[in-house]
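What's in query_18.txt: compact mmCIF, C-alpha atoms (C1' of nucleotides)
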# COMPACT_ATOMS: atom_id res chain seq x y z
CA MET L 1 91.69 120.51 115.56
CA ASP L 2 92.48 119.99 119.22
CA ARG L 3 96.12 120.35 120.10
CA ARG L 4 96.06 117.02 121.93
CA VAL L 5 94.73 115.27 118.89
CA ARG L 6 97.43 116.71 116.68
CA ARG L 7 100.08 115.65 119.12
CA THR L 8 98.73 112.13 119.56
CA ARG L 9 98.55 111.48 115.86
CA ARG L 10 101.98 112.92 115.17
CA VAL L 11 103.63 110.99 117.97
CA LEU L 12 102.02 107.77 116.82
CA GLN L 13 103.07 108.27 113.23
CA ASP L 14 106.63 109.03 114.24
CA ALA L 15 106.80 105.99 116.46
CA LEU L 16 105.45 103.76 113.73
CA VAL L 17 107.97 104.83 111.12
CA ALA L 18 110.81 104.69 113.62
CA LEU L 19 109.90 101.17 114.64
CA ILE L 20 109.51 99.83 111.12
CA GLU L 21 113.25 100.07 110.69
CA GLU L 22 113.87 97.96 113.78
CA TYR L 23 111.10 95.39 113.71
CA GLY L 24 109.79 95.47 110.16
CA TYR L 25 106.27 96.56 109.37
CA GLU L 26 104.60 93.17 109.35
CA ARG L 27 105.92 91.88 112.63
CA LEU L 28 105.36 95.22 114.30
CA THR L 29 102.69 95.30 116.97
CA VAL L 30 100.21 98.00 117.83
CA GLN L 31 101.41 97.60 121.37
CA ASP L 32 104.99 98.27 120.28
CA VAL L 33 103.91 101.53 118.74
CA LEU L 34 101.96 102.41 121.86
CA ASP L 35 104.92 101.77 124.12
CA ARG L 36 107.29 103.76 121.96
CA ALA L 37 104.88 106.65 121.58
CA ASP L 38 103.85 106.40 125.19
CA ILE L 39 100.20 106.57 124.29
CA GLY L 40 97.34 104.67 125.88
CA ARG L 41 95.84 101.73 124.09
CA SER L 42 92.32 103.05 124.08
CA THR L 43 93.52 106.38 122.77
CA PHE L 44 94.99 104.71 119.75
CA TYR L 45 91.74 103.10 118.82
CA THR L 46 89.79 106.33 119.08
CA HIS L 47 91.98 107.60 116.26
CA PHE L 48 92.80 104.65 114.04
CA ARG L 49 91.11 101.44 113.12
CA ASP L 50 94.42 99.56 113.04
CA LYS L 51 98.08 99.70 112.14
CA ASP L 52 97.37 100.08 108.45
CA ALA L 53 95.11 103.05 108.99
CA LEU L 54 97.81 104.76 110.98
CA PHE L 55 100.31 104.11 108.25
CA MET L 56 98.00 105.47 105.59
CA THR L 57 97.58 108.79 107.33
CA TRP L 58 101.34 109.01 107.58
CA PHE L 59 101.62 108.31 103.89
CA ASP L 60 99.20 111.12 103.17
CA GLY L 61 101.83 113.46 104.52
CA LEU L 62 104.46 112.05 102.23
CA ARG L 63 102.09 112.29 99.30
CA GLU L 64 101.40 115.96 99.89
CA ASP L 65 105.08 116.64 100.33
CA LEU L 66 105.90 115.07 97.01
CA ARG L 67 102.98 116.66 95.24
CA SER L 68 103.92 120.12 96.34
CA GLU L 69 107.49 119.65 95.20
CA LEU L 70 106.26 118.53 91.84
CA ASP L 71 103.85 121.41 91.57
CA ASP L 72 106.54 123.89 92.52
CA MET L 73 108.57 122.75 89.58
CA ALA L 74 105.84 122.20 87.05
CA VAL L 75 104.97 125.78 86.21
CA GLY L 76 104.19 125.22 82.58
CA HIS L 77 104.18 121.75 81.05
CA GLN L 78 107.33 119.74 80.73
CA PRO L 79 107.77 118.27 77.29
CA PRO L 80 108.00 114.47 77.58
CA GLY L 81 111.66 113.66 77.40
CA THR L 82 112.81 115.84 80.26
CA THR L 83 114.27 114.25 83.31
CA ARG L 84 112.65 116.68 85.72
CA PRO L 85 109.67 114.93 87.25
CA LEU L 86 111.69 111.77 87.70
CA GLY L 87 114.46 113.80 89.24
CA VAL L 88 112.10 115.25 91.79
CA ILE L 89 110.96 111.83 92.88
CA PHE L 90 114.43 110.40 93.26
CA ASP L 91 115.59 113.59 94.94
CA HIS L 92 112.82 113.32 97.44
CA ALA L 93 113.89 109.84 98.37
CA TYR L 94 117.52 110.91 98.54
CA ARG L 95 116.83 113.79 100.86
CA ASN L 96 114.72 111.59 103.13
CA GLN L 97 116.93 108.53 103.17
CA ARG L 98 116.15 107.62 106.75
CA VAL L 99 112.44 107.53 106.19
CA TYR L 100 112.60 105.78 102.85
CA ARG L 101 115.00 103.20 104.16
CA ALA L 102 112.53 102.34 106.88
CA VAL L 103 109.46 102.44 104.77
CA CYS L 104 110.55 100.75 101.57
CA GLY L 105 113.56 98.84 102.79
CA ARG L 106 113.27 95.09 103.13
CA GLN L 107 111.57 95.72 106.44
CA GLY L 108 109.03 98.08 105.01
CA GLY L 109 106.53 95.45 104.01
CA ASN L 110 103.86 95.98 101.45
CA ALA L 111 102.00 98.82 103.05
CA PHE L 112 104.22 101.36 101.37
CA THR L 113 104.52 99.55 98.08
CA HIS L 114 100.88 99.71 97.16
CA LEU L 115 100.32 103.28 98.21
CA MET L 116 103.44 104.44 96.42
CA GLN L 117 102.55 102.67 93.23
CA ARG L 118 99.12 104.23 93.19
CA LEU L 119 100.69 107.61 93.72
CA LEU L 120 103.14 107.07 90.88
CA PHE L 121 100.32 105.79 88.74
CA GLU L 122 98.30 108.94 89.29
CA LEU L 123 101.24 111.16 88.50
CA LEU L 124 102.07 109.27 85.35
CA HIS L 125 98.47 109.05 84.32
CA GLU L 126 98.18 112.82 84.22
CA HIS L 127 101.52 113.15 82.50
CA LEU L 128 100.67 110.62 79.82
CA ARG L 129 97.17 111.90 79.34
CA LEU L 130 98.65 115.24 78.39
CA ALA L 131 101.20 113.66 76.11
CA GLY L 132 98.65 111.31 74.63
CA THR L 133 99.77 107.80 73.76
CA ARG L 134 98.65 105.40 71.11
CA LEU L 135 98.27 102.71 73.70
CA PRO L 136 95.53 102.93 76.31
CA VAL L 137 96.80 105.45 78.84
CA GLU L 138 95.95 103.16 81.70
CA ILE L 139 98.20 100.43 80.46
CA ALA L 140 101.12 102.71 79.84
CA ALA L 141 100.71 104.31 83.25
CA GLU L 142 100.50 100.93 84.89
CA TYR L 143 103.58 99.77 83.06
CA TYR L 144 105.69 102.77 83.94
CA SER L 145 104.54 103.12 87.51
CA GLY L 146 105.50 99.51 88.08
CA ALA L 147 108.87 100.07 86.48
CA LEU L 148 109.53 103.20 88.49
CA LEU L 149 108.44 101.75 91.77
CA SER L 150 110.56 98.71 91.25
CA THR L 151 113.61 100.81 90.44
CA LEU L 152 113.03 103.06 93.39
CA LEU L 153 112.76 100.13 95.77
CA TRP L 154 115.93 98.63 94.38
CA TRP L 155 117.78 101.89 94.78
CA VAL L 156 116.71 102.36 98.37
CA ARG L 157 117.42 98.76 99.31
CA GLN L 158 120.89 98.95 97.79
CA ASP L 159 121.44 101.95 100.05
CA PHE L 160 121.37 104.62 97.36
CA PRO L 161 124.17 103.79 94.97
CA TYR L 162 124.38 106.44 92.21
CA GLN L 163 123.15 109.98 92.57
CA PRO L 164 119.47 110.71 92.21
CA ALA L 165 120.11 112.52 88.95
CA GLU L 166 121.92 109.50 87.58
CA LEU L 167 119.05 107.23 88.50
CA ALA L 168 116.63 109.59 86.87
CA ALA L 169 118.75 109.62 83.74
CA MET L 170 118.80 105.85 83.57
CA CYS L 171 115.07 105.59 83.97
CA GLN L 172 114.71 108.26 81.37
CA LEU L 173 116.87 106.28 79.01
CA LEU L 174 114.76 103.19 79.52
CA THR L 175 111.48 105.06 79.46
CA ALA L 176 111.66 107.79 76.89
CA PRO L 177 112.16 105.75 73.73
CA GLY L 178 109.10 103.67 74.52
CA VAL L 179 107.02 106.74 75.12
CA LEU L 180 108.24 108.37 71.96
CA ALA L 181 107.61 105.21 70.00
CA SER L 182 104.11 105.00 71.36
CA LEU L 183 103.51 108.60 70.35
CA SER L 184 104.22 107.99 66.70
CA PRO L 185 101.27 106.79 64.62
CA ALA L 186 103.04 103.68 63.39
CA PRO L 187 102.30 99.93 63.87
CA HIS L 188 98.73 99.03 64.58
CA ILE L 189 97.99 97.71 68.06
CA PRO L 190 94.43 96.50 68.54
CA MET T 1 108.00 60.28 98.81
CA ASP T 2 105.18 58.70 100.78
CA ARG T 3 101.85 58.71 99.01
CA ARG T 4 100.15 60.20 102.07
CA VAL T 5 102.58 63.08 102.14
CA ARG T 6 102.02 63.82 98.50
CA ARG T 7 98.30 63.80 99.03
CA THR T 8 98.38 65.98 102.13
CA ARG T 9 100.52 68.61 100.49
CA ARG T 10 98.50 68.66 97.31
CA VAL T 11 95.18 68.89 99.09
CA LEU T 12 96.43 71.72 101.26
CA GLN T 13 97.77 73.67 98.31
CA ASP T 14 94.53 73.26 96.40
CA ALA T 15 92.47 74.34 99.36
CA LEU T 16 94.64 77.40 99.89
CA VAL T 17 94.38 78.63 96.33
CA ALA T 18 90.68 77.91 96.20
CA LEU T 19 90.07 79.86 99.39
CA ILE T 20 92.11 82.88 98.39
CA GLU T 21 89.45 83.75 95.85
CA GLU T 22 86.73 83.72 98.51
CA TYR T 23 88.43 85.18 101.56
CA GLY T 24 91.53 86.90 100.26
CA TYR T 25 94.99 85.75 101.17
CA GLU T 26 95.59 88.03 104.12
CA ARG T 27 92.40 87.39 106.00
CA LEU T 28 92.59 83.70 105.31
CA THR T 29 93.20 81.50 108.32
CA VAL T 30 95.24 78.35 108.62
CA GLN T 31 92.17 76.85 110.20
CA ASP T 32 90.11 77.75 107.14
CA VAL T 33 92.54 75.86 104.95
CA LEU T 34 92.47 72.93 107.33
CA ASP T 35 88.70 72.75 107.31
CA ARG T 36 88.49 72.98 103.55
CA ALA T 37 91.22 70.43 103.01
CA ASP T 38 89.93 68.28 105.83
CA ILE T 39 93.36 67.86 107.29
CA GLY T 40 94.32 67.79 110.93
CA ARG T 41 95.92 70.79 112.50
CA SER T 42 99.01 69.03 113.72
CA THR T 43 99.50 67.45 110.33
CA PHE T 44 99.70 70.85 108.74
CA TYR T 45 102.48 71.96 111.00
CA THR T 46 104.55 68.86 110.35
CA HIS T 47 104.68 70.00 106.74
CA PHE T 48 104.69 73.77 106.75
CA ARG T 49 105.87 76.44 109.10
CA ASP T 50 102.90 78.66 108.27
CA LYS T 51 100.54 79.88 105.59
CA ASP T 52 103.31 81.61 103.66
CA ALA T 53 105.41 78.47 103.52
CA LEU T 54 102.49 76.57 102.10
CA PHE T 55 101.95 79.22 99.50
CA MET T 56 105.58 79.21 98.50
CA THR T 57 105.60 75.51 97.78
CA TRP T 58 102.54 76.02 95.64
CA PHE T 59 104.30 78.79 93.79
CA ASP T 60 107.22 76.48 93.11
CA GLY T 61 104.86 74.45 91.01
CA LEU T 62 103.81 77.48 89.02
CA ARG T 63 107.43 78.49 88.58
CA GLU T 64 108.42 75.13 87.16
CA ASP T 65 105.43 75.14 84.89
CA LEU T 66 106.35 78.49 83.45
CA ARG T 67 110.02 77.66 83.21
CA SER T 68 109.39 74.52 81.26
CA GLU T 69 107.13 76.32 78.81
CA LEU T 70 109.80 78.91 78.30
CA ASP T 71 112.48 76.29 77.84
CA ASP T 72 110.34 74.38 75.35
CA MET T 73 110.21 77.44 73.19
CA ALA T 74 113.71 78.73 73.68
CA VAL T 75 115.65 76.21 71.65
CA GLY T 76 118.30 78.59 70.41
CA HIS T 77 118.45 82.16 71.60
CA GLN T 78 115.75 84.64 70.76
CA PRO T 79 117.12 87.90 69.48
CA PRO T 80 115.97 90.74 71.75
CA GLY T 81 113.02 92.31 70.02
CA THR T 82 110.90 89.21 69.63
CA THR T 83 107.60 89.01 71.39
CA ARG T 84 107.97 85.33 72.23
CA PRO T 85 109.02 85.14 75.87
CA LEU T 86 106.49 87.78 76.80
CA GLY T 87 103.87 85.91 74.88
CA VAL T 88 104.55 82.76 76.81
CA ILE T 89 104.08 84.53 80.11
CA PHE T 90 100.82 86.18 79.16
CA ASP T 91 99.62 82.96 77.56
CA HIS T 92 100.29 81.11 80.74
CA ALA T 93 98.15 83.50 82.69
CA TYR T 94 95.44 83.35 80.06
CA ARG T 95 95.26 79.59 80.08
CA ASN T 96 95.13 79.52 83.88
CA GLN T 97 92.72 82.37 84.42
CA ARG T 98 91.06 80.80 87.44
CA VAL T 99 94.28 80.40 89.32
CA TYR T 100 95.71 83.76 88.36
CA ARG T 101 92.51 85.51 89.24
CA ALA T 102 92.69 84.06 92.72
CA VAL T 103 96.35 84.56 93.25
CA CYS T 104 96.96 87.98 91.79
CA GLY T 105 93.50 89.42 91.89
CA ARG T 106 92.73 92.07 94.45
CA GLN T 107 92.28 89.26 96.94
CA GLY T 108 95.62 87.72 96.21
CA GLY T 109 97.63 89.81 98.60
CA ASN T 110 101.31 90.31 98.38
CA ALA T 111 102.47 86.75 98.68
CA PHE T 112 102.21 86.25 94.95
CA THR T 113 103.48 89.65 93.98
CA HIS T 114 106.92 89.26 95.47
CA LEU T 115 107.51 85.75 94.28
CA MET T 116 106.34 86.59 90.79
CA GLN T 117 108.51 89.64 90.53
CA ARG T 118 111.55 87.68 91.59
CA LEU T 119 110.75 85.09 88.98
CA LEU T 120 110.36 87.72 86.28
CA PHE T 121 113.53 89.35 87.48
CA GLU T 122 115.48 86.12 87.10
CA LEU T 123 114.12 85.50 83.64
CA LEU T 124 114.89 89.02 82.50
CA HIS T 125 118.27 88.99 84.13
CA GLU T 126 119.37 86.05 82.04
CA HIS T 127 117.82 87.53 78.94
CA LEU T 128 119.50 90.90 79.38
CA ARG T 129 122.81 89.42 80.41
CA LEU T 130 122.93 87.71 77.06
CA ALA T 131 121.90 90.82 75.21
CA GLY T 132 124.26 92.99 77.24
CA THR T 133 123.12 96.47 78.17
CA ARG T 134 125.03 99.65 78.73
CA LEU T 135 123.21 100.15 82.00
CA PRO T 136 123.88 97.83 84.91
CA VAL T 137 121.97 94.66 84.14
CA GLU T 138 120.48 94.60 87.59
CA ILE T 139 118.83 97.94 87.18
CA ALA T 140 117.40 97.16 83.80
CA ALA T 141 116.10 93.81 85.03
CA GLU T 142 114.56 95.44 88.06
CA TYR T 143 112.96 98.09 85.91
CA TYR T 144 111.44 95.69 83.42
CA SER T 145 110.36 93.08 85.91
CA GLY T 146 108.48 95.76 87.79
CA ALA T 147 106.88 97.00 84.61
CA LEU T 148 105.88 93.54 83.52
CA LEU T 149 104.52 92.50 86.86
CA SER T 150 102.49 95.64 87.10
CA THR T 151 101.03 95.13 83.66
CA LEU T 152 100.27 91.51 84.35
CA LEU T 153 98.46 92.35 87.57
CA TRP T 154 96.45 95.02 85.83
CA TRP T 155 95.47 92.65 83.07
CA VAL T 156 94.32 89.94 85.45
CA ARG T 157 92.44 92.36 87.68
CA GLN T 158 90.65 93.85 84.71
CA ASP T 159 89.57 90.33 83.90
CA PHE T 160 91.74 89.79 80.84
CA PRO T 161 90.75 92.45 78.35
CA TYR T 162 92.77 92.04 75.15
CA GLN T 163 94.30 88.81 73.96
CA PRO T 164 97.56 87.63 75.46
CA ALA T 165 99.33 88.29 72.18
CA GLU T 166 98.05 91.84 72.13
CA LEU T 167 99.29 92.45 75.65
CA ALA T 168 102.65 91.03 74.74
CA ALA T 169 102.82 93.30 71.73
CA MET T 170 102.04 96.37 73.79
CA CYS T 171 104.68 95.53 76.35
CA GLN T 172 107.06 94.89 73.53
CA LEU T 173 106.31 98.29 72.10
CA LEU T 174 107.01 99.94 75.43
CA THR T 175 110.01 97.80 76.20
CA ALA T 176 111.97 97.22 73.05
CA PRO T 177 112.97 100.78 72.16
CA GLY T 178 114.46 101.28 75.59
CA VAL T 179 116.42 98.09 75.36
CA LEU T 180 117.66 98.94 71.92
CA ALA T 181 118.58 102.42 73.04
CA SER T 182 120.48 101.04 75.98
CA LEU T 183 122.38 98.72 73.63
CA SER T 184 123.83 101.52 71.56
CA PRO T 185 127.09 102.99 72.84
CA ALA T 186 125.76 106.56 72.97
CA PRO T 187 125.32 108.99 75.89
CA HIS T 188 127.51 108.35 78.87
CA ILE T 189 125.75 107.07 81.97
CA PRO T 190 127.97 106.82 85.03
C1' DT A 1 89.44 132.97 135.34
C1' DT A 2 85.92 129.72 134.86
C1' DC A 3 83.74 125.82 133.02
C1' DA A 4 81.74 122.66 129.88
C1' DA A 5 83.39 119.89 126.37
C1' DT A 6 86.58 116.74 125.01
C1' DA A 7 90.86 113.95 125.05
C1' DT A 8 93.63 110.78 127.39
C1' DC A 9 94.53 107.12 130.58
C1' DG A 10 94.80 102.41 132.28
C1' DA A 11 93.22 98.32 133.43
C1' DA A 12 90.33 94.74 132.56
C1' DC A 13 88.06 91.75 129.35
C1' DA A 14 86.40 88.72 125.49
C1' DT A 15 87.92 86.88 121.25
C1' DC A 16 90.61 84.77 118.08
C1' DA A 17 94.63 82.84 115.51
C1' DT A 18 98.91 80.67 116.21
C1' DG A 19 101.98 77.01 116.89
C1' DT A 20 103.11 72.92 119.98
C1' DT A 21 102.51 68.56 122.29
C1' DC A 22 101.36 63.74 122.73
C1' DG A 23 99.24 59.36 122.68
C1' DA A 24 96.34 56.50 119.87
C1' DG A 25 95.08 54.90 115.48
C1' DT A 26 96.12 53.94 110.47
C1' DA A 27 98.29 53.60 105.95
C1' DT A 28 102.58 52.44 103.37
C1' DG A 29 105.95 49.94 101.02
C1' DG A 30 109.65 46.79 101.57
C1' DC I 1 103.37 40.70 107.31
C1' DC I 2 105.30 44.28 110.06
C1' DA I 3 108.29 48.01 111.27
C1' DT I 4 108.13 52.56 109.91
C1' DA I 5 106.22 56.70 109.23
C1' DC I 6 102.13 59.46 108.69
C1' DT I 7 97.75 61.29 110.34
C1' DC I 8 94.45 62.51 113.79
C1' DG I 9 92.26 65.23 117.41
C1' DA I 10 92.01 67.38 121.40
C1' DA I 11 94.09 70.14 124.58
C1' DC I 12 97.05 73.86 125.81
C1' DA I 13 100.03 78.15 126.27
C1' DT I 14 100.84 82.34 124.12
C1' DG I 15 100.19 86.62 122.30
C1' DA I 16 97.77 90.19 119.52
C1' DT I 17 93.46 92.47 118.75
C1' DG I 18 89.88 95.61 119.54
C1' DT I 19 86.36 97.21 123.12
C1' DT I 20 84.58 99.15 127.37
C1' DC I 21 84.25 102.42 131.16
C1' DG I 22 85.03 105.41 134.97
C1' DA I 23 88.55 108.54 136.55
C1' DT I 24 91.62 112.29 135.41
C1' DA I 25 93.66 115.97 132.78
C1' DT I 26 93.72 119.38 129.08
C1' DT I 27 91.72 122.59 125.98
C1' DG I 28 89.59 126.56 124.05
C1' DA I 29 85.89 129.66 124.31
C1' DA I 30 83.06 132.65 127.15
Rendering of file as structure tokens:
Amino acid sequence: MDRRVRRTRRVLQDALVALIEEYGYERLTVQDVLDRADIGRSTFYTHFRDKDALFMTWFDGLREDLRSELDDMAVGHQPPGTTRPLGVIFDHAYRNQRVYRAVCGRQGGNAFTHLMQRLLFELLHEHLRLAGTRLPVEIAAEYYSGALLSTLLWWVRQDFPYQPAELAAMCQLLTAPGVLASLSPAPHIP
Amino acid sequence: MDRRVRRTRRVLQDALVALIEEYGYERLTVQDVLDRADIGRSTFYTHFRDKDALFMTWFDGLREDLRSELDDMAVGHQPPGTTRPLGVIFDHAYRNQRVYRAVCGRQGGNAFTHLMQRLLFELLHEHLRLAGTRLPVEIAAEYYSGALLSTLLWWVRQDFPYQPAELAAMCQLLTAPGVLASLSPAPHIP
DNA sequence: TTCAATATCGAACATCATGTTCGAGTATGG
DNA sequence: CCATACTCGAACATGATGTTCGATATTGAA
């Protein structure tokens, strides 16, 4: 890929994330990004359809980052009940506070929310598929990804009270019993 | 309140919700609503600051509706572990499929999402405050409201597979053990 | 080093949604 | 019945969007 292209895309992504913190995603203008990045208008549109498209490519980076950290740590399956995968997620946010604050703070808008939930859903879907639940996997994954996302957003917006490990433990406490219960062959759910 | 005002506001709200299904909330234009409602442009702006404001007043109606149904049924406290309050919520969606499909279908956009989560949060906050959890109530409420919202959205978007009672039971199964666990005085969480 | 391919620039342009203004007409409810 | 308050519609300023195109600069491969 052409060096200029790489540079343009990187500079635009950086500018976008930096500006979200100041202006908020929704009210942010393509022109604002252009000015900050010092990139020509027409150049922008040769690369991205709109603001959302730019944001999505940025998110792809985050996604890969997180994925690789999870893979690094997941040599061999974790038995359900460990705090590990949750810990990795909260750690990741903790180590990238600046970015997370911008992107899922009150200013972050919904762009991040949806992408992040789908990511969490995918991760949980795999995890639960391996564990095998009595409930439809989809429902359980939807349930937990919503719960996790919501907790993560709260944590970031409260400016990271508690340590990541503590957060992970709390989620674990709220999550694990339900998972375990849904693993046992007990009460019939249609 | 003047009869004309009542009419104007109602007609605008109806038009908005009806159009969400066709166009999607985001791409929907104030002018579209005006045309459908057959209301003058300037009249709109004497009542609402923008599209979001209009939507919020509509949501207030939904909120009151739900609240009253919950109050009707909550004469005396429900012990945590009952499926009732969840049932009411899912029932409400089931009985108003048309509206819910529009408002929290894929087309619904984020307007609904945020308002609904805050509503669920408030409801759960009260509920959990009464029950008393070992974890900070805020966190638990955030966690569960996210889980619930996510499940509700999934259900609506899948076009209401399962009966409302079944959905409520599943959520209960995933929720209750965690709540119960967090009620016991066991492992220390900072 | 050379050069063809390719990226960027910038300025102009059409389009569209937004929110405001104001005077004239019309419904309301006391 | 009538003063009040609401609605109408058309016009207007503003600001963001996405496109176009010729000129200029950079790249990477020969």
Step by step: start from the point (85.1, 89.8, 127.9) in the file's coordinates, keep every protein, DNA or RNA residue that has an atom no farther than 10 Å from it, count only C-alpha atoms (C1' of nucleotides), and write the set as a count of residues only.
6
What are the centre and edge lengths in Å, to one decimal, of the axis-aligned box around all listed atoms of range 8-15 of chain I with 3 Å added on each side, as AutoDock Vina command-line options?
--center_x 96.4 --center_y 74.6 --center_z 120.0 --size_x 14.8 --size_y 30.1 --size_z 18.5
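Shortest atom-to-atom contact with Gly146 in chain L among L:Thr175, L:Gly132, L:Leu28, L:Gln158: L:Thr175, counting all atoms listed in the file.
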Starting from chain A, keep only residues with some atom at most 10 Å from an atom of chain T, counting only C-alpha atoms (C1' of nucleotides), and report them as a list in words.
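Written out as asked, the residues are DA17, DT18, DG19, DT20, DT21, DA27, DT28 and DG29 of chain A.
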Residue contacts of Arg9 in chain L (10 Å, all atoms listed in the file) excluding same-chain residues fewer than 5 positions away, as an mmCIF file with C-alpha atoms, in the coordinates of the input:
data_model
loop_
_atom_site.group_PDB
_atom_site.id
_atom_site.type_symbol
_atom_site.label_atom_id
_atom_site.label_comp_id
_atom_site.auth_asym_id
_atom_site.auth_seq_id
_atom_site.Cartn_x
_atom_site.Cartn_y
_atom_site.Cartn_z
ATOM 1 C CA ARG L 4 96.060 117.020 121.930
ATOM 2 C CA ASP L 14 106.630 109.030 114.240
ATOM 3 C CA ALA L 15 106.800 105.990 116.460
ATOM 4 C CA ALA L 37 104.880 106.650 121.580
ATOM 5 C CA ILE L 39 100.200 106.570 124.290
ATOM 6 C CA THR L 43 93.520 106.380 122.770
ATOM 7 C CA PHE L 44 94.990 104.710 119.750
ATOM 8 C CA HIS L 47 91.980 107.600 116.260
ATOM 9 C CA PHE L 48 92.800 104.650 114.040
ATOM 10 C CA LEU L 54 97.810 104.760 110.980
ATOM 11 C CA THR L 57 97.580 108.790 107.330
ATOM 12 C CA TRP L 58 101.340 109.010 107.580
#
Within 7 Å of chain L, which residues of chain T show up when using all atoms listed in the file, listed as a PyMOL selection string?
chain T and resi 110+139+142-144+146-148+150-151+166+173-175+177-179
One decimal, Å: what's the distance from CA of Val137 in chain T over to CA of Leu86 in chain T, could you say?
18.5 Å
Atom-to-atom span, CA of Glu64 in chain L and CA of Gly40 in chain L, Å:
28.6 Å
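Here CA of Ala53 in chain T stands at a distance of 24.7 Å from CA of Arg157 in chain T.
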Using only C-alpha atoms (C1' of nucleotides) and a distance of at most 9 Å, pull out the residues of chain I that contact chain L, as a ChimeraX atom specification.
/I:16-19,26-28
Distance query Asp38 in chain L at most 10 Å, only C-alpha atoms (C1' of nucleotides), self and fewer than 4 positions along chain excluded, as a PDB file with C-alpha atoms, keeping the file's coordinate frame:
ATOM      1  CA  THR L   8      98.730 112.130 119.560  1.00  0.00           C
ATOM      2  CA  VAL L  11     103.630 110.990 117.970  1.00  0.00           C
ATOM      3  CA  LEU L  12     102.020 107.770 116.820  1.00  0.00           C
ATOM      4  CA  ALA L  15     106.800 105.990 116.460  1.00  0.00           C
ATOM      5  CA  GLN L  31     101.410  97.600 121.370  1.00  0.00           C
ATOM      6  CA  ASP L  32     104.990  98.270 120.280  1.00  0.00           C
ATOM      7  CA  VAL L  33     103.910 101.530 118.740  1.00  0.00           C
ATOM      8  CA  LEU L  34     101.960 102.410 121.860  1.00  0.00           C
TER       9      LEU L  34
END
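When the distance limit is 10 Å and only C-alpha atoms (C1' of nucleotides) are what count, the residues near Ala18 in chain T, minus those fewer than 3 positions from it on the same chain, are Leu12, Gln13, Asp14, Ala15, Glu21, Glu22, Tyr23, Gly24, Val33, Arg36, Arg98, Val99, Ala102 and Val103 of chain T.
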Just the residues within 8 Å of Val88 in chain L, please, counting all atoms listed in the file, with nothing from its chain fewer than 4 positions along; format it as a PyMOL selection string.
chain L and resi 69-70+84+92
Return the single residue from I:DG22, I:DA10, I:DA3, I:DG15 that is closest to DG10 in chain A, with distances computed using all atoms listed in the file.
I:DG22
